[in-house]
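Everything below belongs to coords-v3.txt, which stores compact mmCIF, C-alpha atoms.
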```txt
# COMPACT_ATOMS: atom_id res chain seq x y z
CA MET A 1 -133.28 -12.51 99.42
CA LYS A 2 -133.66 -9.24 101.29
CA GLN A 3 -136.79 -8.87 103.46
CA PRO A 4 -138.91 -5.75 102.71
CA LEU A 5 -139.20 -3.19 105.47
CA PRO A 6 -142.30 -4.22 107.50
CA ASN A 7 -143.63 -0.69 108.15
CA ALA A 8 -142.38 0.92 104.95
CA ASP A 9 -145.71 2.66 104.17
CA ASP A 10 -145.87 4.39 107.54
CA LEU A 11 -142.20 5.33 107.39
CA THR A 12 -142.59 6.72 103.88
CA THR A 13 -145.51 8.93 104.90
CA ARG A 14 -143.74 10.12 108.00
CA TYR A 15 -140.64 10.79 105.93
CA ALA A 16 -142.72 12.90 103.56
CA LEU A 17 -143.98 14.94 106.50
CA ASN A 18 -140.54 15.22 108.06
CA ASP A 19 -141.75 13.28 111.08
CA LEU A 20 -138.98 10.69 111.42
CA ASP A 21 -136.26 10.67 114.02
CA PRO A 22 -132.64 10.42 112.76
CA ALA A 23 -132.40 6.66 113.33
CA GLU A 24 -135.61 5.98 111.38
CA THR A 25 -134.47 8.33 108.61
CA GLU A 26 -131.25 6.39 108.29
CA ILE A 27 -133.08 3.06 108.06
CA LEU A 28 -135.42 4.41 105.38
CA ARG A 29 -132.58 5.99 103.40
CA LYS A 30 -130.77 2.69 103.25
CA GLU A 31 -133.96 0.99 102.17
CA MET A 32 -134.65 3.62 99.51
CA HIS A 33 -131.11 3.22 98.22
CA ALA A 34 -131.82 -0.43 97.59
CA ASP A 35 -135.43 -0.05 96.41
CA ALA A 36 -136.10 2.51 93.67
CA ASP A 37 -139.89 2.15 93.92
CA LEU A 38 -139.78 3.06 97.57
CA LEU A 39 -137.63 6.07 96.76
CA ILE A 40 -140.08 7.27 94.09
CA GLU A 41 -143.05 6.73 96.42
CA ALA A 42 -141.41 8.65 99.27
CA GLU A 43 -140.37 11.55 97.04
CA CYS A 44 -143.80 11.81 95.44
CA GLN A 45 -145.46 11.97 98.84
CA ARG A 46 -142.96 14.57 100.02
CA ARG A 47 -143.62 16.81 97.01
CA THR A 48 -147.37 16.43 97.39
CA TRP A 49 -147.14 17.44 101.03
CA GLU A 50 -145.00 20.44 100.08
CA ARG A 51 -147.83 21.61 97.85
CA VAL A 52 -150.35 21.11 100.65
CA THR A 53 -148.31 23.36 102.90
CA GLU A 54 -148.93 26.19 100.43
CA LEU A 55 -152.54 26.35 101.57
CA PRO A 56 -153.21 29.89 102.73
CA MET A 57 -154.10 30.86 106.26
CA LEU A 58 -157.51 32.54 106.29
CA SER A 59 -158.60 35.13 108.78
CA ALA A 60 -162.10 35.17 110.24
CA PRO A 61 -164.25 38.13 109.12
CA PRO A 62 -163.60 41.28 111.19
CA GLY A 63 -167.22 41.50 112.29
CA LEU A 64 -167.10 37.98 113.63
CA LEU A 65 -163.93 38.67 115.58
CA GLU A 66 -165.38 41.84 117.00
CA ASP A 67 -168.55 40.00 118.04
CA THR A 68 -166.46 37.32 119.69
CA ALA A 69 -164.40 39.85 121.61
CA ARG A 70 -167.59 41.64 122.66
CA LEU A 71 -169.15 38.40 123.86
CA ALA A 72 -166.03 37.65 125.88
CA SER A 73 -166.18 41.10 127.44
CA THR A 74 -169.88 40.89 128.29
CA HIS A 75 -169.62 37.39 129.67
CA ARG A 76 -166.71 38.25 131.95
CA ARG A 77 -168.41 41.40 133.17
CA PHE A 78 -171.43 39.44 134.36
CA ALA A 79 -169.69 36.24 135.36
CA PRO A 80 -168.11 36.05 138.78
CA LEU A 81 -164.36 36.18 138.69
CA ARG A 82 -162.82 32.77 138.88
CA MET A 83 -162.28 31.64 142.43
CA VAL A 84 -159.10 29.97 143.52
CA ARG A 85 -159.59 26.24 143.23
CA PHE A 86 -158.41 24.30 146.24
CA PRO A 87 -157.35 20.70 145.91
CA MET A 88 -159.77 18.06 147.18
CA HIS A 89 -157.76 17.21 150.33
CA MET A 90 -157.78 20.88 151.37
CA ARG A 91 -161.55 21.04 150.88
CA TRP A 92 -162.00 18.01 153.14
CA ALA A 93 -159.72 19.54 155.77
CA ALA A 94 -161.73 22.78 155.71
CA ALA A 95 -165.02 20.90 156.07
CA ALA A 96 -163.62 18.91 159.01
CA ALA A 97 -162.44 22.11 160.71
CA VAL A 98 -165.88 23.66 160.40
CA LEU A 99 -167.52 20.57 161.89
CA VAL A 100 -165.08 20.45 164.81
CA ALA A 101 -165.61 24.15 165.54
CA ALA A 102 -169.38 23.73 165.47
CA GLY A 103 -169.15 20.73 167.83
CA TRP A 104 -166.92 22.66 170.25
CA ASN A 105 -169.44 25.48 170.53
CA LEU A 106 -172.31 23.10 171.26
CA MET A 107 -170.44 21.18 173.97
CA PRO A 108 -171.26 22.30 177.62
CA ARG A 109 -168.21 23.72 179.36
CA ALA A 110 -167.21 23.38 183.06
CA SER A 111 -168.07 27.02 183.87
CA ASP A 112 -171.52 26.54 182.40
CA SER A 113 -172.36 23.42 184.46
CA ASP A 114 -174.07 25.36 187.31
CA ALA A 115 -176.11 27.52 185.05
CA PRO A 116 -179.69 26.52 184.41
CA ALA A 117 -180.32 24.73 181.15
CA SER A 118 -182.17 27.67 179.75
CA ALA A 119 -179.17 29.87 180.41
CA ALA A 120 -176.95 27.38 178.58
CA ALA A 121 -179.32 27.51 175.69
CA GLY A 122 -179.18 31.27 175.81
CA VAL A 123 -182.85 31.76 176.62
CA GLU A 124 -183.70 34.79 178.81
CA VAL A 125 -180.48 34.64 180.72
CA GLY A 126 -181.18 38.00 182.40
CA ARG A 127 -184.25 36.72 184.17
CA PHE A 128 -182.25 34.13 186.09
CA ALA A 129 -179.05 36.01 186.68
CA ASN A 130 -180.32 38.08 189.66
CA PRO A 131 -183.52 36.51 190.94
CA ALA A 132 -185.76 38.78 193.04
CA PRO A 133 -185.83 37.99 196.75
CA PRO A 134 -188.57 35.47 197.61
CA GLN A 135 -191.80 37.08 198.59
CA PRO A 136 -194.63 35.25 200.26
CA TRP A 137 -197.58 34.80 198.04
CA VAL A 138 -201.08 33.42 198.46
CA ASP A 139 -202.09 30.59 196.25
CA ARG A 140 -205.55 29.80 194.94
CA ARG A 141 -206.46 27.98 198.16
CA ASP A 142 -205.55 31.03 200.26
CA VAL A 143 -202.35 29.41 201.52
CA ILE A 144 -199.39 31.70 201.98
CA ARG A 145 -196.37 30.29 200.27
CA VAL A 146 -192.79 31.26 200.86
CA GLY A 147 -190.09 30.41 198.37
CA GLN A 148 -187.31 29.42 200.79
CA PRO A 149 -187.57 28.36 204.45
CA ALA A 150 -184.73 30.72 205.44
CA ALA A 151 -186.86 33.67 204.41
CA LEU A 152 -189.72 32.51 206.60
CA ALA A 153 -188.79 34.69 209.55
CA ASP A 154 -188.67 37.81 207.41
CA SER A 155 -191.89 36.86 205.75
CA ALA A 156 -193.66 36.13 209.08
CA GLY A 157 -192.51 39.48 210.42
CA GLY A 158 -194.38 41.14 207.65
CA LEU A 159 -197.67 39.41 208.51
CA ARG A 160 -200.50 41.24 210.22
CA PRO A 161 -203.78 39.93 211.57
CA LEU A 162 -206.70 39.98 209.27
CA ASN A 163 -209.63 42.11 210.36
CA ASP A 164 -212.15 40.78 208.01
CA SER A 165 -214.28 37.98 209.17
CA VAL A 166 -216.01 35.26 207.35
CA GLY A 167 -219.14 33.66 208.52
CA ALA A 168 -222.61 32.90 207.40
CA ASN A 169 -224.19 34.18 210.61
CA GLY A 170 -222.30 37.44 210.71
CA ALA A 171 -220.53 36.52 213.99
CA GLY A 172 -217.19 36.38 212.44
CA PHE A 173 -214.05 34.65 213.54
CA PRO A 174 -210.60 35.35 212.20
CA ARG A 175 -209.54 33.48 209.16
CA ARG A 176 -206.94 30.85 209.91
CA VAL A 177 -203.59 31.59 208.56
CA GLN A 178 -201.20 28.82 207.60
CA LEU A 179 -197.65 29.53 206.74
CA ALA A 180 -196.33 27.18 204.19
CA GLY A 181 -192.82 25.86 204.91
CA SER A 182 -192.97 26.75 208.61
CA ASN A 183 -191.67 24.29 211.21
CA SER A 184 -194.16 25.25 213.89
CA THR A 185 -197.85 24.89 213.88
CA PRO A 186 -199.62 28.23 214.17
CA MET B 1 -148.32 32.06 104.20
CA PRO B 2 -150.32 35.18 103.48
CA ILE B 3 -152.99 36.00 105.98
CA LEU B 4 -156.14 37.46 104.55
CA GLY B 5 -158.50 39.85 106.16
CA TRP B 6 -158.48 41.57 109.47
CA HIS B 7 -155.96 41.41 112.24
CA PRO B 8 -156.97 42.85 115.58
CA ALA B 9 -153.39 43.65 116.51
CA GLU B 10 -153.06 45.97 113.55
CA ASP B 11 -156.11 47.92 114.63
CA LYS B 12 -155.38 47.93 118.33
CA PRO B 13 -151.85 48.89 119.27
CA LEU B 14 -152.81 48.50 122.95
CA MET B 15 -152.37 44.77 122.51
CA ASN B 16 -148.66 45.10 121.90
CA ALA B 17 -148.10 44.91 125.63
CA TYR B 18 -149.53 41.40 125.62
CA THR B 19 -147.68 39.93 122.68
CA GLU B 20 -144.83 38.79 124.92
CA HIS B 21 -147.13 36.87 127.28
CA ASP B 22 -147.70 33.16 126.77
CA ASP B 23 -151.20 31.73 126.39
CA GLN B 24 -151.36 30.49 129.96
CA LEU B 25 -150.70 33.93 131.39
CA LEU B 26 -153.20 35.55 129.03
CA VAL B 27 -155.87 33.05 130.02
CA ARG B 28 -155.17 33.71 133.69
CA LEU B 29 -155.40 37.48 133.16
CA TYR B 30 -158.71 37.08 131.39
CA LEU B 31 -160.23 34.69 133.92
CA LYS B 32 -159.00 36.23 137.13
CA LYS B 33 -158.78 39.90 136.26
CA ALA B 34 -161.38 40.07 133.47
CA ASP B 35 -158.65 41.51 131.25
CA GLN B 36 -160.29 41.99 127.86
CA ALA B 37 -157.05 42.89 126.11
CA ALA B 38 -155.65 39.51 127.15
CA PHE B 39 -158.56 37.73 125.51
CA ARG B 40 -158.22 39.83 122.37
CA GLU B 41 -154.58 38.86 122.15
CA LEU B 42 -155.48 35.17 122.46
CA LEU B 43 -158.11 35.58 119.77
CA HIS B 44 -155.74 37.47 117.51
CA ARG B 45 -153.00 34.90 118.01
CA HIS B 46 -155.03 31.82 117.15
CA GLN B 47 -158.09 32.85 115.14
CA ALA B 48 -156.52 32.33 111.71
CA LYS B 49 -155.51 28.73 112.22
CA ILE B 50 -158.84 27.89 113.87
CA TYR B 51 -160.81 29.61 111.12
CA SER B 52 -158.69 28.12 108.33
CA TYR B 53 -159.15 24.62 109.68
CA ILE B 54 -162.90 25.08 110.01
CA TYR B 55 -163.17 26.66 106.56
CA SER B 56 -161.14 23.97 104.86
CA MET B 57 -163.32 21.31 106.45
CA VAL B 58 -166.82 22.74 105.94
CA GLY B 59 -166.07 24.38 102.62
CA ASN B 60 -168.17 27.54 102.72
CA ALA B 61 -167.93 30.84 104.51
CA ASP B 62 -171.40 30.85 106.09
CA SER B 63 -170.93 27.49 107.73
CA ALA B 64 -167.37 28.34 108.71
CA ASN B 65 -168.57 31.55 110.38
CA ASP B 66 -171.29 29.64 112.23
CA VAL B 67 -168.85 27.00 113.46
CA PHE B 68 -166.28 29.63 114.44
CA GLN B 69 -168.88 31.54 116.41
CA GLU B 70 -170.17 28.39 118.07
CA THR B 71 -166.63 27.39 118.96
CA PHE B 72 -165.78 30.66 120.66
CA THR B 73 -169.15 30.94 122.36
CA LYS B 74 -168.38 27.58 123.97
CA VAL B 75 -164.84 28.65 124.74
CA ILE B 76 -166.00 31.83 126.47
CA THR B 77 -168.89 30.33 128.40
CA ARG B 78 -167.18 27.10 129.43
CA MET B 79 -163.73 28.35 130.22
CA ASP B 80 -164.60 28.72 133.90
CA GLU B 81 -165.87 25.19 134.31
CA THR B 82 -164.17 22.91 131.83
CA TYR B 83 -160.80 24.40 130.96
CA ASP B 84 -158.01 22.97 133.06
CA GLU B 85 -155.36 25.65 133.41
CA GLN B 86 -152.59 23.06 133.45
CA GLY B 87 -153.35 22.07 129.86
CA LYS B 88 -152.65 24.01 126.68
CA TRP B 89 -155.42 26.48 126.01
CA ILE B 90 -155.12 26.24 122.24
CA ALA B 91 -155.32 22.42 122.33
CA TRP B 92 -158.55 22.74 124.31
CA VAL B 93 -159.94 25.30 121.82
CA MET B 94 -158.89 23.15 118.86
CA ARG B 95 -160.76 20.19 120.32
CA ILE B 96 -163.91 22.30 120.64
CA ALA B 97 -163.46 23.61 117.08
CA HIS B 98 -162.90 20.10 115.77
CA ASN B 99 -166.02 18.74 117.49
CA ALA B 100 -168.12 21.67 116.27
CA THR B 101 -166.78 21.12 112.74
CA ILE B 102 -167.62 17.42 112.81
CA ASP B 103 -171.13 18.28 114.01
CA MET B 104 -171.53 20.70 111.11
CA LEU B 105 -170.28 18.12 108.61
CA ARG B 106 -172.82 15.62 109.94
CA LYS B 107 -175.56 18.21 109.53
CA GLN B 108 -174.38 19.00 106.01
CA LYS B 109 -174.38 15.29 105.20
CA ARG B 110 -177.96 15.07 106.39
CA PHE B 111 -179.05 18.01 104.27
CA VAL B 112 -177.12 17.47 101.07
CA ASP B 113 -178.84 19.23 98.24
CA VAL B 114 -178.18 20.41 94.74
CA THR B 115 -176.84 23.76 95.95
CA SER B 116 -174.03 22.18 97.91
CA ARG B 117 -172.97 20.19 94.85
CA ASP B 118 -172.87 23.42 92.86
CA GLU B 119 -170.77 25.02 95.55
CA GLU B 120 -168.28 22.21 95.43
CA ASP B 121 -167.54 23.00 91.83
CA SER B 122 -167.37 26.75 92.25
CA ASP B 123 -164.20 28.62 92.93
CA PHE B 124 -162.91 28.53 96.49
CA TYR B 125 -162.45 32.28 96.73
CA ASP B 126 -165.78 33.02 95.07
CA ARG B 127 -167.40 31.61 98.19
CA LEU B 128 -165.81 34.14 100.49
CA PRO B 129 -168.27 36.82 101.60
CA ASP B 130 -167.59 40.41 100.54
CA ILE B 131 -166.28 41.28 103.98
CA ASP B 132 -163.60 38.63 103.53
CA ALA B 133 -162.72 39.70 100.04
CA PRO B 134 -158.98 40.13 99.80
CA SER B 135 -157.55 43.35 98.47
CA ALA B 136 -156.41 43.64 94.85
CA GLN B 137 -152.84 43.06 95.94
CA GLN B 138 -153.86 39.95 97.83
CA HIS B 139 -155.84 38.77 94.81
CA MET B 140 -152.62 38.77 92.88
CA GLU B 141 -151.00 36.68 95.60
CA LEU B 142 -153.83 34.19 95.58
CA ASP B 143 -152.90 32.45 92.41
CA GLU B 144 -154.88 29.88 90.62
CA ASP B 145 -152.71 27.09 92.01
CA LYS B 146 -153.89 27.73 95.55
CA ALA B 147 -157.52 27.89 94.53
CA MET B 148 -157.04 24.62 92.68
CA LEU B 149 -155.28 23.12 95.67
CA MET B 150 -158.20 24.00 97.92
CA ARG B 151 -160.62 22.44 95.47
CA HIS B 152 -158.61 19.23 95.55
CA ILE B 153 -158.53 19.25 99.32
CA ARG B 154 -162.30 19.57 99.29
CA ARG B 155 -162.54 16.50 97.06
CA LEU B 156 -160.82 14.32 99.64
CA PRO B 157 -163.00 12.11 101.86
CA ALA B 158 -163.74 13.92 105.12
CA GLU B 159 -161.61 11.66 107.32
CA GLN B 160 -158.57 12.09 105.02
CA ARG B 161 -159.14 15.84 104.76
CA GLU B 162 -159.39 16.03 108.54
CA VAL B 163 -155.96 14.44 109.06
CA VAL B 164 -154.34 16.65 106.42
CA MET B 165 -155.84 19.85 107.82
CA LEU B 166 -155.10 18.98 111.45
CA ARG B 167 -151.50 18.42 110.49
CA HIS B 168 -151.21 21.50 108.31
CA TYR B 169 -153.09 24.12 110.31
CA TYR B 170 -152.64 22.85 113.86
CA ASP B 171 -149.27 21.16 113.34
CA LEU B 172 -150.38 18.17 115.40
CA SER B 173 -148.34 14.99 115.72
CA PHE B 174 -149.92 11.76 114.53
CA LYS B 175 -150.37 10.74 118.15
CA GLU B 176 -152.34 13.94 118.81
CA ILE B 177 -154.35 13.53 115.61
CA ALA B 178 -155.15 9.95 116.57
CA GLU B 179 -156.34 11.07 120.03
CA LEU B 180 -158.42 13.93 118.67
CA THR B 181 -160.12 11.86 115.99
CA GLY B 182 -160.51 8.75 118.14
CA VAL B 183 -158.52 6.37 115.93
CA SER B 184 -155.19 4.56 116.24
CA ILE B 185 -151.94 6.17 115.13
CA ASN B 186 -151.68 3.64 112.29
CA THR B 187 -155.14 4.57 111.05
CA ALA B 188 -154.26 8.26 111.15
CA LEU B 189 -151.05 7.55 109.24
CA GLY B 190 -152.93 5.42 106.72
CA ARG B 191 -155.46 8.21 106.14
CA MET B 192 -152.65 10.68 105.55
CA ARG B 193 -151.00 8.29 103.12
CA TYR B 194 -154.20 7.80 101.11
CA ALA B 195 -154.84 11.55 101.16
CA LEU B 196 -151.40 12.20 99.67
CA ILE B 197 -151.89 9.49 97.06
CA ASN B 198 -155.28 10.95 96.10
CA LEU B 199 -153.95 14.48 95.94
CA ARG B 200 -151.12 13.33 93.72
CA LYS B 201 -153.68 11.80 91.36
CA TYR B 202 -155.60 15.09 91.26
CA PHE B 203 -152.43 17.06 90.53
CA GLU B 204 -151.51 14.68 87.73
CA GLN B 205 -154.98 15.04 86.31
CA ASP B 206 -154.54 18.83 86.36
CA GLN B 207 -151.29 18.55 84.47
CA LEU B 208 -152.91 16.27 81.94
CA ASN B 209 -155.81 18.68 81.44
CA GLU B 210 -153.41 21.57 81.07
CA ALA B 211 -151.37 19.71 78.49
CA THR B 212 -154.51 18.81 76.54
CA SER B 213 -155.78 22.37 76.49
CA THR B 214 -152.36 23.64 75.36
CA GLU B 215 -152.30 21.21 72.48
CA ARG B 216 -155.69 22.48 71.30
```
Show how you would write the structure in this file as structure tokens.
Amino acid sequence: MKQPLPNADDLTTRYALNDLDPAETEILRKEMHADADLLIEAECQRRTWERVTELPMLSAPPGLLEDTARLASTHRRFAPLRMVRFPMHMRWAAAAAVLVAAGWNLMPRASDSDAPASAAAGVEVGRFANPAPPQPWVDRRDVIRVGQPAALADSAGGLRPLNDSVGANGAGFPRRVQLAGSNSTP
Amino acid sequence: MPILGWHPAEDKPLMNAYTEHDDQLLVRLYLKKADQAAFRELLHRHQAKIYSYIYSMVGNADSANDVFQETFTKVITRMDETYDEQGKWIAWVMRIAHNATIDMLRKQKRFVDVTSRDEEDSDFYDRLPDIDAPSAQQHMELDEDKAMLMRHIRRLPAEQREVVMLRHYYDLSFKEIAELTGVSINTALGRMRYALINLRKYFEQDQLNEATSTER
């Protein structure tokens, strides 16, 4: 006895909708040739589907279409234009490049090694670029201070004796002068 | 198939320049150059099948208009973020339309009332708003058979109607229908089969009624 086609229902429906490939069509045709019920079923479904395809295409109301087009126009006018989308690996590469560049700028270079730290940090570079020649100055304890020992001779040349005198009894004596940084005792 | 109502291309000859472009190019023109004519062409090209599908599923013009508007609002506002330019634009729009339609059907199911039952029995074309009303010539084209056919389609269970309409209006394969509706291909095929069997019963009933009325 001949075995019925296992997926006959599916094949029949797909036949009705013209969805079968040539090989499947051939199999079903042979089956329909042998089985009249299957043939009737397939033809009925095909005719029913043909009637369904007569359903009309309906257009949306003109006002609705116009509103939709207007919405599209307004939205695009206020929305930023679409940016080019880069693939994920390119985004990672760009992020890495930015990080490397930032790191490079922060790293101290050989030419900067002699510069004071504040200059490297970019703080008041002008103040340290051409320092004023050292001048002797008097601190709070009346001690003359000189910035560098080499400038001591110049600084001492500029000294003059003090005429004022200090003393409780009025018989004054000259104030002692001490040169800071000097090698000799005054 | 006759197309009722308005066609933007007929009113705007400017769009003729875009008719040769494929959807992908039109989408790109709209997104990257804010080309409004490109969007109008896309809308003109696909609105009828989208609207017809929605209408055939929800069954009345007001709901169909709401779903259509909701669909395109989502399309316009989400195109930047969620549309992948590699995919087919119309498939993406159809998915949005389908989901919006299903949402509307769920809402309708929640708020079934006497009015909706009345509407089911009324004539398909009577439910079209005045703005949709076809011209006298078109009225002649819209014969009683088509109105009857639409009524029968509306009688089908929603899941069977969905498969029939997705196939008819969107020309989807059963694989695509299965993916869109979240069922297996066999289930989609089974639903189509039962839909055709049911429709055949309705048609036979019509013939029987016609024969009876003729005899009287």
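Atom CA of Arg167 of chain B sits 16.5 Å away from atom CA of Gln47 of chain B.
Between atom CA of Leu43 of chain B and atom CA of Phe72 of chain B the interatomic distance comes to 9.2 Å.
Proximity to Leu38 of chain A at 9 Å, evaluated using all atoms listed in the file and with sequence-adjacent residues fewer than 4 positions away removed, yields A:Ala8, A:Asp9, A:Thr12, A:Glu31, A:Met32, A:His33, A:Ala34, A:Ala42, A:Glu43.
From atom CA of Gly190 of chain B back to atom CA of Leu172 of chain B, the distance works out to 15.6 Å.
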Where is the centre and how long are the edges: axis-aligned box on segment 5-18 of chain A, 6 Å on each side, Å to one decimal, as JSON:
```
{"center_x": -142.5, "center_y": 5.5, "center_z": 105.9, "size_x": 18.7, "size_y": 31.4, "size_z": 16.6}
```
Since the input has fewer atoms than a full residue there, write segment 92-106 of chain B out with N, CA and C atoms, as a PDB file, in the frame of the given file.
```pdb
ATOM      1  N   TRP B  92    -157.169  22.837 123.837  1.00  0.00           N
ATOM      2  CA  TRP B  92    -158.550  22.740 124.310  1.00  0.00           C
ATOM      3  C   TRP B  92    -159.506  23.412 123.305  1.00  0.00           C
ATOM      4  N   VAL B  93    -159.114  24.580 122.800  1.00  0.00           N
ATOM      5  CA  VAL B  93    -159.940  25.300 121.820  1.00  0.00           C
ATOM      6  C   VAL B  93    -160.044  24.491 120.519  1.00  0.00           C
ATOM      7  N   MET B  94    -158.909  23.919 120.101  1.00  0.00           N
ATOM      8  CA  MET B  94    -158.890  23.150 118.860  1.00  0.00           C
ATOM      9  C   MET B  94    -159.821  21.943 118.946  1.00  0.00           C
ATOM     10  N   ARG B  95    -159.859  21.345 120.120  1.00  0.00           N
ATOM     11  CA  ARG B  95    -160.760  20.190 120.320  1.00  0.00           C
ATOM     12  C   ARG B  95    -162.217  20.639 120.172  1.00  0.00           C
ATOM     13  N   ILE B  96    -162.534  21.782 120.748  1.00  0.00           N
ATOM     14  CA  ILE B  96    -163.910  22.300 120.640  1.00  0.00           C
ATOM     15  C   ILE B  96    -164.223  22.609 119.173  1.00  0.00           C
ATOM     16  N   ALA B  97    -163.267  23.256 118.499  1.00  0.00           N
ATOM     17  CA  ALA B  97    -163.460  23.610 117.080  1.00  0.00           C
ATOM     18  C   ALA B  97    -163.634  22.348 116.240  1.00  0.00           C
ATOM     19  N   HIS B  98    -162.824  21.353 116.528  1.00  0.00           N
ATOM     20  CA  HIS B  98    -162.900  20.100 115.770  1.00  0.00           C
ATOM     21  C   HIS B  98    -164.265  19.446 115.959  1.00  0.00           C
ATOM     22  N   ASN B  99    -164.716  19.372 117.217  1.00  0.00           N
ATOM     23  CA  ASN B  99    -166.020  18.740 117.490  1.00  0.00           C
ATOM     24  C   ASN B  99    -167.160  19.516 116.823  1.00  0.00           C
ATOM     25  N   ALA B 100    -167.078  20.847 116.895  1.00  0.00           N
ATOM     26  CA  ALA B 100    -168.120  21.670 116.270  1.00  0.00           C
ATOM     27  C   ALA B 100    -168.100  21.470 114.747  1.00  0.00           C
ATOM     28  N   THR B 101    -166.901  21.327 114.180  1.00  0.00           N
ATOM     29  CA  THR B 101    -166.780  21.120 112.740  1.00  0.00           C
ATOM     30  C   THR B 101    -167.384  19.775 112.330  1.00  0.00           C
ATOM     31  N   ILE B 102    -167.084  18.756 113.116  1.00  0.00           N
ATOM     32  CA  ILE B 102    -167.620  17.420 112.810  1.00  0.00           C
ATOM     33  C   ILE B 102    -169.157  17.443 112.887  1.00  0.00           C
ATOM     34  N   ASP B 103    -169.669  18.157 113.901  1.00  0.00           N
ATOM     35  CA  ASP B 103    -171.130  18.280 114.010  1.00  0.00           C
ATOM     36  C   ASP B 103    -171.712  18.936 112.761  1.00  0.00           C
ATOM     37  N   MET B 104    -171.051  19.994 112.307  1.00  0.00           N
ATOM     38  CA  MET B 104    -171.530  20.700 111.110  1.00  0.00           C
ATOM     39  C   MET B 104    -171.476  19.796 109.880  1.00  0.00           C
ATOM     40  N   LEU B 105    -170.399  19.024 109.755  1.00  0.00           N
ATOM     41  CA  LEU B 105    -170.280  18.120 108.610  1.00  0.00           C
ATOM     42  C   LEU B 105    -171.394  17.067 108.634  1.00  0.00           C
ATOM     43  N   ARG B 106    -171.729  16.595 109.829  1.00  0.00           N
ATOM     44  CA  ARG B 106    -172.820  15.620 109.940  1.00  0.00           C
ATOM     45  C   ARG B 106    -174.145  16.251 109.500  1.00  0.00           C
TER      46      ARG B 106
END
```
